[in-house]
Amino acid sequence: MEHGSVLIPGDGIGPEVTSAACRIIDAALQGSGSSINWIECHAGVAALDRGHTELLPQETVDAIQKVGVALKGPCTTPIGGGFSSVNVALRKTLDLYGAVRPVRSIDGVDTRYQDVDIVVIRENTEGLYAGIENEITPGVVTSLKVATEKASYRIAKFAFEYARSRGRKKVTVFHKANIMKKSDGLFIRCAKEVHDADYEDIQYEELIIDAACMRLVQDPTQFDMLLCENLYGDVVSDLCAGFVGGLGVTPGANFGDVNAVFEAVHGSAPDIAGKGVANPLAITMSGVMMLNHISVRNADPKTKAAAERIKVAYNSAVREGERTGDLGGNLGTDAFADAMIRRLG
Ligand code: NAI
């Protein structure tokens with residue numbers, strides 16, 4: 001079975017790490033009878049360099065809408081007027097309302113914490129990131145925090161469905177409803193209603209975000225899944241990434257009802273771009289999430305099997321000391337990808 005996936009190489013280290021990830025995915029599927037048809041499209045500065053006038057060209061959006069799945073490298077957002085983030089534009093255009101960031105300890109990656117296994121679910125479309133800001137008068141600015149029942153119900157349902165489908169036991173909602181009584185109040189009310197109506201098998205917990213952050217840092221293993229509105233989710237997911245080794249090992253995905261875009265949490269890393277030293281693991285792990293998604297969406301067990309083989313391969317490579325510089329090793333991007341491919345068996 002052939003599955004289409006849009007490939008957006010992106011900017012900076014994006015082309016290096018996405019090409020490594022595609023090599024690994026293709027190698028894991030080789031001989032299985034299933035394959036990925038990569039449809040290369042562009043976004044970010046790479047799109048402008050190719051003569052597009054927008055950071056997010058319409059043909060890239062159309063291609064994703066056609067196949068419903070994309071693997072995306074990081075995109076640089078040029079500083080200065082006229083450009084908003086490609087990621088924000090993609091999420092809005094495709095209504096990718098649910099961000100998923102799994103944060104898991106990896107054997108062999110030296111960190112302060114062991115056995116961390118948390119999934120952060122972030123509402124992607126509203127909150128303070130609605131971007132409604134006004135200068136009321138010089139020196140006075142307001143920024144509007146938007147919370148709607150529609151978006152709060154749907155992200156809660158998404159989180160509990162995700163929990164149930166993955167055998168997760170508990171969802172903790174982070175909020176500040178003691179101060180933002182209406183907006184965060186609505187968010188937790190909707191989450192609790194969704195839970196109480198259909199998901200009594202999953203434990204439900206609400207925590208005020210400041211105390212929750214303290215508890216996270218004291219012992220992250222007490223958490224299972226976190227459900228956050230947009231800004232809290234953005235901050236908390238990076239905090240959690242720090243538990244397991246940082247940006248080089250943290251994958252992510254953005255889901256809508258129809259489309260899904262898989263990407264690493266890190267940016268285009270201009271400081272190391274072109275040097276061949278970037279860690280391709282985070283985008284490869286995002287590719288694993290993509291293969292699992294395709295397996296369910298297109299009813300193909302072979303892509304799930306390939307995802308499992310890639311997981312085994314990168315865990316064994318890292319455990320045996322084959323790593324990139326950010327993880328204390330001395331391999332370049334391609335050599336690390338080769339080490340993973342050798343372990344696919
Ligand atoms: P960054 O994540 O690109 O880099 C932060 C630090 O982490 C740098 O020292 C970098 O070398 C290192 N790093 C990141 N990924 C790495 C990897 N795979 N292997 C080894 N080291 C890695 O964040 P920064 O510098 O704030 O942003 C650079 C550009 O990326 C900006 O234009 C920003 O807008 C964009 N960006 C794009 C994102 C996306 O498209 N999803 C996400 C975050 C930032």
# chains A, B, ... in the order shown; residues from 1 in each chain; ligands from 1
call {"tool": "select_by_dssp", "arguments": {"residues": "range 40-193 of chain A", "states": "strand (DSSP E)", "output": "NGL selection string"}}
result
:A and (40 or 69-72 or 98-104 or 117-123 or 133-137 or 140-143 or 170-175)
call {"tool": "closest_atom_pairs", "arguments": {"of": "chain A", "to": "ligand 1", "cutoff": "8 Å", "atoms": "only C-alpha atoms and all ligand atoms", "output": "JSON lines"}}
result
{"residue": "A:Gly10", "atom": "CA", "partner": "ligand 1", "partner_atom_place_in_ligand_line": "40 (O)", "distance": 7.4}
{"residue": "A:Gly12", "atom": "CA", "partner": "ligand 1", "partner_atom_place_in_ligand_line": "30 (O)", "distance": 7.9}
{"residue": "A:Ile13", "atom": "CA", "partner": "ligand 1", "partner_atom_place_in_ligand_line": "18 (N)", "distance": 7.3}
{"residue": "A:Val17", "atom": "CA", "partner": "ligand 1", "partner_atom_place_in_ligand_line": "18 (N)", "distance": 7.1}
{"residue": "A:Lys72", "atom": "CA", "partner": "ligand 1", "partner_atom_place_in_ligand_line": "40 (O)", "distance": 7.9}
{"residue": "A:Gly73", "atom": "CA", "partner": "ligand 1", "partner_atom_place_in_ligand_line": "40 (O)", "distance": 6.4}
{"residue": "A:Pro74", "atom": "CA", "partner": "ligand 1", "partner_atom_place_in_ligand_line": "40 (O)", "distance": 3.3}
{"residue": "A:Cys75", "atom": "CA", "partner": "ligand 1", "partner_atom_place_in_ligand_line": "40 (O)", "distance": 3.9}
{"residue": "A:Thr76", "atom": "CA", "partner": "ligand 1", "partner_atom_place_in_ligand_line": "32 (O)", "distance": 3.5}
{"residue": "A:Thr77", "atom": "CA", "partner": "ligand 1", "partner_atom_place_in_ligand_line": "32 (O)", "distance": 4.4}
{"residue": "A:Pro78", "atom": "CA", "partner": "ligand 1", "partner_atom_place_in_ligand_line": "32 (O)", "distance": 6.2}
{"residue": "A:Ile79", "atom": "CA", "partner": "ligand 1", "partner_atom_place_in_ligand_line": "32 (O)", "distance": 7.6}
{"residue": "A:Ser85", "atom": "CA", "partner": "ligand 1", "partner_atom_place_in_ligand_line": "34 (O)", "distance": 7.0}
{"residue": "A:Val86", "atom": "CA", "partner": "ligand 1", "partner_atom_place_in_ligand_line": "40 (O)", "distance": 7.0}
{"residue": "A:Asn87", "atom": "CA", "partner": "ligand 1", "partner_atom_place_in_ligand_line": "40 (O)", "distance": 6.1}
{"residue": "A:Leu247", "atom": "CA", "partner": "ligand 1", "partner_atom_place_in_ligand_line": "15 (N)", "distance": 5.6}
{"residue": "A:Gly248", "atom": "CA", "partner": "ligand 1", "partner_atom_place_in_ligand_line": "18 (N)", "distance": 4.5}
{"residue": "A:Val249", "atom": "CA", "partner": "ligand 1", "partner_atom_place_in_ligand_line": "18 (N)", "distance": 7.8}
{"residue": "A:Glu263", "atom": "CA", "partner": "ligand 1", "partner_atom_place_in_ligand_line": "41 (N)", "distance": 6.6}
{"residue": "A:Ala264", "atom": "CA", "partner": "ligand 1", "partner_atom_place_in_ligand_line": "41 (N)", "distance": 6.5}
{"residue": "A:Val265", "atom": "CA", "partner": "ligand 1", "partner_atom_place_in_ligand_line": "41 (N)", "distance": 5.7}
{"residue": "A:His266", "atom": "CA", "partner": "ligand 1", "partner_atom_place_in_ligand_line": "2 (O)", "distance": 3.7}
{"residue": "A:Gly267", "atom": "CA", "partner": "ligand 1", "partner_atom_place_in_ligand_line": "3 (O)", "distance": 3.2}
{"residue": "A:Ser268", "atom": "CA", "partner": "ligand 1", "partner_atom_place_in_ligand_line": "30 (O)", "distance": 4.0}
{"residue": "A:Ala269", "atom": "CA", "partner": "ligand 1", "partner_atom_place_in_ligand_line": "3 (O)", "distance": 3.2}
{"residue": "A:Pro270", "atom": "CA", "partner": "ligand 1", "partner_atom_place_in_ligand_line": "28 (C)", "distance": 6.1}
{"residue": "A:Asp271", "atom": "CA", "partner": "ligand 1", "partner_atom_place_in_ligand_line": "11 (O)", "distance": 5.4}
{"residue": "A:Ile272", "atom": "CA", "partner": "ligand 1", "partner_atom_place_in_ligand_line": "11 (O)", "distance": 5.3}
{"residue": "A:Ala273", "atom": "CA", "partner": "ligand 1", "partner_atom_place_in_ligand_line": "11 (O)", "distance": 7.9}
{"residue": "A:Val277", "atom": "CA", "partner": "ligand 1", "partner_atom_place_in_ligand_line": "20 (C)", "distance": 6.9}
{"residue": "A:Ala278", "atom": "CA", "partner": "ligand 1", "partner_atom_place_in_ligand_line": "19 (N)", "distance": 3.7}
{"residue": "A:Asn279", "atom": "CA", "partner": "ligand 1", "partner_atom_place_in_ligand_line": "19 (N)", "distance": 3.7}
{"residue": "A:Pro280", "atom": "CA", "partner": "ligand 1", "partner_atom_place_in_ligand_line": "18 (N)", "distance": 5.6}
{"residue": "A:Leu281", "atom": "CA", "partner": "ligand 1", "partner_atom_place_in_ligand_line": "18 (N)", "distance": 7.2}
{"residue": "A:Ala282", "atom": "CA", "partner": "ligand 1", "partner_atom_place_in_ligand_line": "18 (N)", "distance": 6.6}
{"residue": "A:Ile283", "atom": "CA", "partner": "ligand 1", "partner_atom_place_in_ligand_line": "18 (N)", "distance": 7.8}
{"residue": "A:Thr324", "atom": "CA", "partner": "ligand 1", "partner_atom_place_in_ligand_line": "20 (C)", "distance": 7.6}
{"residue": "A:Gly325", "atom": "CA", "partner": "ligand 1", "partner_atom_place_in_ligand_line": "20 (C)", "distance": 7.2}
{"residue": "A:Asp326", "atom": "CA", "partner": "ligand 1", "partner_atom_place_in_ligand_line": "20 (C)", "distance": 5.3}
call {"tool": "residues_around", "arguments": {"residues": "range 172-189 of chain A", "least_positions_apart": "5", "cutoff": "6 Å", "atoms": "only C-alpha atoms", "output": "PyMOL selection string"}}
result
chain A and resi 147+152+205-209+226-228
call {"tool": "residues_around", "arguments": {"residues": "Ser143 in chain A", "least_positions_apart": "5", "cutoff": "10 Å", "atoms": "only C-alpha atoms", "output": "JSON, numbers by chain"}}
result
{"A": [127, 128, 129, 130, 131, 132, 133, 134, 135]}
call {"tool": "write_last_selection", "arguments": {"atoms": "N, CA, C and O atoms", "output": "PDB file, in the first residue's frame"}}
result
ATOM      1  N   GLY A 127      -6.970  31.241  23.169  1.00  0.00           N
ATOM      2  CA  GLY A 127      -6.209  31.788  24.288  1.00  0.00           C
ATOM      3  C   GLY A 127      -5.570  33.122  23.880  1.00  0.00           C
ATOM      4  O   GLY A 127      -6.055  33.820  22.995  1.00  0.00           O
ATOM      5  N   LEU A 128      -4.454  33.443  24.502  1.00  0.00           N
ATOM      6  CA  LEU A 128      -3.765  34.707  24.173  1.00  0.00           C
ATOM      7  C   LEU A 128      -3.156  34.671  22.781  1.00  0.00           C
ATOM      8  O   LEU A 128      -2.854  35.709  22.195  1.00  0.00           O
ATOM      9  N   TYR A 129      -2.974  33.455  22.210  1.00  0.00           N
ATOM     10  CA  TYR A 129      -2.368  33.351  20.883  1.00  0.00           C
ATOM     11  C   TYR A 129      -3.367  33.641  19.766  1.00  0.00           C
ATOM     12  O   TYR A 129      -3.030  33.523  18.597  1.00  0.00           O
ATOM     13  N   ALA A 130      -4.581  34.018  20.133  1.00  0.00           N
ATOM     14  CA  ALA A 130      -5.520  34.480  19.110  1.00  0.00           C
ATOM     15  C   ALA A 130      -4.938  35.716  18.428  1.00  0.00           C
ATOM     16  O   ALA A 130      -5.338  36.075  17.316  1.00  0.00           O
ATOM     17  N   GLY A 131      -3.969  36.350  19.079  1.00  0.00           N
ATOM     18  CA  GLY A 131      -3.237  37.462  18.449  1.00  0.00           C
ATOM     19  C   GLY A 131      -4.050  38.741  18.335  1.00  0.00           C
ATOM     20  O   GLY A 131      -3.801  39.563  17.454  1.00  0.00           O
ATOM     21  N   ILE A 132      -5.047  38.914  19.229  1.00  0.00           N
ATOM     22  CA  ILE A 132      -5.860  40.136  19.174  1.00  0.00           C
ATOM     23  C   ILE A 132      -5.265  41.137  20.169  1.00  0.00           C
ATOM     24  O   ILE A 132      -5.527  41.077  21.369  1.00  0.00           O
ATOM     25  N   GLU A 133      -4.413  42.024  19.655  1.00  0.00           N
ATOM     26  CA  GLU A 133      -3.723  42.975  20.514  1.00  0.00           C
ATOM     27  C   GLU A 133      -4.011  44.393  20.041  1.00  0.00           C
ATOM     28  O   GLU A 133      -4.080  44.651  18.845  1.00  0.00           O
ATOM     29  N   ASN A 134      -4.195  45.296  20.978  1.00  0.00           N
ATOM     30  CA  ASN A 134      -4.480  46.684  20.619  1.00  0.00           C
ATOM     31  C   ASN A 134      -3.694  47.632  21.493  1.00  0.00           C
ATOM     32  O   ASN A 134      -3.526  47.386  22.692  1.00  0.00           O
ATOM     33  N   GLU A 135      -3.253  48.722  20.860  1.00  0.00           N
ATOM     34  CA  GLU A 135      -2.665  49.795  21.650  1.00  0.00           C
ATOM     35  C   GLU A 135      -3.788  50.798  21.901  1.00  0.00           C
ATOM     36  O   GLU A 135      -4.231  51.504  20.999  1.00  0.00           O
TER      37      GLU A 135
END
call {"tool": "residues_around", "arguments": {"residues": "Tyr162 in chain A", "least_positions_apart": "5", "cutoff": "10 Å", "atoms": "only C-alpha atoms", "output": "list in words"}}
result
Val100, Val119, Ile121, Ala156, Lys157, Gly167, Arg168 and Met225 of chain A
call {"tool": "write_last_selection", "arguments": {"atoms": "C-alpha atoms", "output": "compact mmCIF listing (two decimals), in the first residue's frame"}}
result
# COMPACT_ATOMS: atom_id res chain seq x y z
CA VAL A 100 0.46 16.53 21.01
CA VAL A 119 1.96 13.50 26.93
CA ILE A 121 -2.00 18.13 24.89
CA ALA A 156 -11.06 18.04 25.94
CA LYS A 157 -12.69 15.33 23.84
CA GLY A 167 -4.30 3.19 27.55
CA ARG A 168 -3.44 6.29 29.57
CA MET A 225 -1.26 13.35 30.43
call {"tool": "closest_atom_pairs", "arguments": {"of": "range 75-175 of chain A", "to": "range 303-319 of chain A", "cutoff": "10 Å", "atoms": "only C-alpha atoms", "output": "Markdown table"}}
result
| residue | atom | partner | partner_atom | distance |
| --- | --- | --- | --- | --- |
| A:Ile106 | CA | A:Asn315 | CA | 6.9 |
| A:Asp107 | CA | A:Arg319 | CA | 5.6 |
| A:Gly108 | CA | A:Arg319 | CA | 4.4 |
| A:Val109 | CA | A:Val318 | CA | 7.2 |
call {"tool": "residues_around", "arguments": {"residues": "Asn230 in chain A", "least_positions_apart": "2", "cutoff": "7 Å", "atoms": "only C-alpha atoms", "output": "ChimeraX atom specification"}}
result
/A:122-124,126-127,129,228,232-234
call {"tool": "write_last_selection", "arguments": {"atoms": "all heavy atoms", "output": "short mmCIF file (atom, residue, chain, number, x, y, z; two decimals), in the first residue's frame"}}
result
data_model
loop_
_atom_site.label_atom_id
_atom_site.label_comp_id
_atom_site.auth_asym_id
_atom_site.auth_seq_id
_atom_site.Cartn_x
_atom_site.Cartn_y
_atom_site.Cartn_z
N ARG A 122 -2.08 20.32 23.95
CA ARG A 122 -2.22 21.79 23.97
C ARG A 122 -3.29 22.24 22.98
O ARG A 122 -3.29 21.80 21.83
CB ARG A 122 -0.87 22.39 23.58
CG ARG A 122 -0.91 23.84 23.18
CD ARG A 122 0.48 24.26 22.72
NE ARG A 122 0.46 25.57 22.10
CZ ARG A 122 1.45 26.07 21.37
NH1 ARG A 122 2.54 25.37 21.16
NH2 ARG A 122 1.35 27.27 20.85
N GLU A 123 -4.20 23.10 23.45
CA GLU A 123 -5.19 23.71 22.55
C GLU A 123 -4.43 24.72 21.69
O GLU A 123 -3.74 25.58 22.21
CB GLU A 123 -6.29 24.39 23.37
CG GLU A 123 -7.60 24.57 22.61
CD GLU A 123 -7.55 25.60 21.50
OE1 GLU A 123 -6.91 26.65 21.69
OE2 GLU A 123 -8.11 25.36 20.41
N ASN A 124 -4.57 24.59 20.38
CA ASN A 124 -3.69 25.29 19.45
C ASN A 124 -4.27 26.55 18.82
O ASN A 124 -3.57 27.21 18.06
CB ASN A 124 -3.40 24.32 18.29
CG ASN A 124 -1.96 23.91 18.19
OD1 ASN A 124 -1.10 24.49 18.85
ND2 ASN A 124 -1.69 22.93 17.36
N GLU A 126 -6.68 29.14 20.27
CA GLU A 126 -7.16 30.39 20.87
C GLU A 126 -6.35 30.79 22.10
O GLU A 126 -5.14 30.77 22.07
CB GLU A 126 -8.67 30.35 21.11
CG GLU A 126 -9.27 29.08 21.65
CD GLU A 126 -10.80 29.17 21.73
OE1 GLU A 126 -11.49 29.50 20.73
OE2 GLU A 126 -11.30 28.89 22.82
N GLY A 127 -6.97 31.24 23.17
CA GLY A 127 -6.21 31.79 24.29
C GLY A 127 -5.57 33.12 23.88
O GLY A 127 -6.05 33.82 23.00
N TYR A 129 -2.97 33.45 22.21
CA TYR A 129 -2.37 33.35 20.88
C TYR A 129 -3.37 33.64 19.77
O TYR A 129 -3.03 33.52 18.60
CB TYR A 129 -1.75 31.96 20.68
CG TYR A 129 -0.49 31.73 21.50
CD1 TYR A 129 -0.15 32.55 22.57
CD2 TYR A 129 0.37 30.69 21.19
CE1 TYR A 129 0.99 32.34 23.32
CE2 TYR A 129 1.53 30.46 21.93
CZ TYR A 129 1.82 31.29 23.00
OH TYR A 129 2.96 31.07 23.73
N CYS A 228 -3.79 21.46 28.43
CA CYS A 228 -3.54 22.89 28.66
C CYS A 228 -4.14 23.75 27.57
O CYS A 228 -4.18 23.33 26.40
CB CYS A 228 -2.04 23.18 28.64
SG CYS A 228 -1.04 22.22 29.78
N TYR A 232 -0.26 28.09 28.12
CA TYR A 232 0.28 27.18 29.15
C TYR A 232 0.90 25.95 28.48
O TYR A 232 1.94 25.46 28.90
CB TYR A 232 -0.80 26.72 30.13
CG TYR A 232 -1.59 27.82 30.79
CD1 TYR A 232 -2.89 27.58 31.26
CD2 TYR A 232 -1.07 29.10 30.96
CE1 TYR A 232 -3.64 28.57 31.87
CE2 TYR A 232 -1.82 30.11 31.56
CZ TYR A 232 -3.10 29.84 32.01
OH TYR A 232 -3.85 30.82 32.60
N GLY A 233 0.23 25.46 27.43
CA GLY A 233 0.72 24.27 26.75
C GLY A 233 2.05 24.52 26.07
O GLY A 233 2.93 23.65 26.07
N ASP A 234 2.20 25.69 25.51
CA ASP A 234 3.45 26.06 24.84
C ASP A 234 4.60 26.03 25.85
O ASP A 234 5.65 25.42 25.64
CB ASP A 234 3.30 27.46 24.23
CG ASP A 234 4.40 27.79 23.25
OD1 ASP A 234 5.23 26.92 22.96
OD2 ASP A 234 4.43 28.94 22.77
#
call {"tool": "decode", "arguments": {"residues": "range 154-178 of chain A", "atoms": "N, CA, C and O atoms", "output": "compact mmCIF listing (two decimals), in the first residue's frame"}}
result
# COMPACT_ATOMS: atom_id res chain seq x y z
N ARG A 154 -13.90 20.59 22.28
CA ARG A 154 -13.28 19.69 21.29
C ARG A 154 -11.87 19.28 21.71
O ARG A 154 -11.46 18.15 21.49
N ILE A 155 -11.11 20.18 22.37
CA ILE A 155 -9.76 19.77 22.80
C ILE A 155 -9.86 18.79 23.98
O ILE A 155 -9.06 17.87 24.10
N ALA A 156 -10.89 18.98 24.82
CA ALA A 156 -11.06 18.04 25.94
C ALA A 156 -11.41 16.65 25.39
O ALA A 156 -10.83 15.63 25.80
N LYS A 157 -12.31 16.62 24.43
CA LYS A 157 -12.69 15.33 23.84
C LYS A 157 -11.48 14.68 23.17
O LYS A 157 -11.24 13.48 23.32
N PHE A 158 -10.71 15.51 22.45
CA PHE A 158 -9.50 15.02 21.80
C PHE A 158 -8.55 14.39 22.83
O PHE A 158 -8.01 13.31 22.64
N ALA A 159 -8.36 15.09 23.96
CA ALA A 159 -7.43 14.61 24.99
C ALA A 159 -7.90 13.29 25.59
O ALA A 159 -7.12 12.35 25.76
N PHE A 160 -9.19 13.20 25.92
CA PHE A 160 -9.68 11.96 26.55
C PHE A 160 -9.70 10.80 25.55
O PHE A 160 -9.43 9.65 25.92
N GLU A 161 -10.02 11.09 24.30
CA GLU A 161 -9.95 10.04 23.28
C GLU A 161 -8.52 9.54 23.12
O GLU A 161 -8.27 8.34 23.01
N TYR A 162 -7.58 10.50 23.10
CA TYR A 162 -6.16 10.14 22.98
C TYR A 162 -5.76 9.26 24.15
O TYR A 162 -5.11 8.22 23.99
N ALA A 163 -6.19 9.68 25.36
CA ALA A 163 -5.86 8.91 26.57
C ALA A 163 -6.40 7.49 26.46
O ALA A 163 -5.68 6.51 26.70
N ARG A 164 -7.65 7.38 26.07
CA ARG A 164 -8.27 6.04 26.02
C ARG A 164 -7.61 5.18 24.96
O ARG A 164 -7.30 4.01 25.20
N SER A 165 -7.33 5.76 23.79
CA SER A 165 -6.77 4.94 22.70
C SER A 165 -5.35 4.49 23.02
O SER A 165 -4.87 3.53 22.45
N ARG A 166 -4.66 5.19 23.91
CA ARG A 166 -3.28 4.81 24.27
C ARG A 166 -3.20 4.16 25.64
O ARG A 166 -2.10 3.98 26.18
N GLY A 167 -4.33 3.86 26.24
CA GLY A 167 -4.30 3.19 27.55
C GLY A 167 -3.76 4.07 28.66
O GLY A 167 -3.21 3.58 29.66
N ARG A 168 -3.90 5.37 28.52
CA ARG A 168 -3.44 6.29 29.57
C ARG A 168 -4.46 6.34 30.69
O ARG A 168 -5.66 6.15 30.47
N LYS A 169 -3.94 6.62 31.91
CA LYS A 169 -4.81 6.48 33.08
C LYS A 169 -5.37 7.79 33.62
O LYS A 169 -6.41 7.83 34.25
N LYS A 170 -4.62 8.89 33.42
CA LYS A 170 -5.01 10.13 34.10
C LYS A 170 -4.76 11.34 33.20
O LYS A 170 -3.75 11.41 32.51
N VAL A 171 -5.69 12.30 33.23
CA VAL A 171 -5.49 13.58 32.54
C VAL A 171 -5.55 14.69 33.59
O VAL A 171 -6.50 14.79 34.36
N THR A 172 -4.49 15.50 33.63
CA THR A 172 -4.45 16.63 34.56
C THR A 172 -4.61 17.92 33.79
O THR A 172 -3.85 18.18 32.84
N VAL A 173 -5.59 18.72 34.15
CA VAL A 173 -5.82 20.00 33.46
C VAL A 173 -5.09 21.09 34.24
O VAL A 173 -5.31 21.26 35.44
N PHE A 174 -4.22 21.82 33.55
CA PHE A 174 -3.50 22.95 34.15
C PHE A 174 -4.31 24.22 33.88
O PHE A 174 -4.71 24.47 32.74
N HIS A 175 -4.49 25.06 34.90
CA HIS A 175 -5.32 26.26 34.71
C HIS A 175 -4.96 27.34 35.71
O HIS A 175 -4.14 27.10 36.63
N LYS A 176 -5.56 28.47 35.56
CA LYS A 176 -5.40 29.57 36.51
C LYS A 176 -6.78 30.19 36.72
O LYS A 176 -6.96 31.42 36.63
N ALA A 177 -7.76 29.32 36.95
CA ALA A 177 -9.15 29.78 37.03
C ALA A 177 -9.43 30.54 38.32
O ALA A 177 -10.48 31.19 38.44
N ASN A 178 -8.49 30.47 39.27
CA ASN A 178 -8.66 31.27 40.48
C ASN A 178 -8.52 32.76 40.16
O ASN A 178 -9.11 33.61 40.81
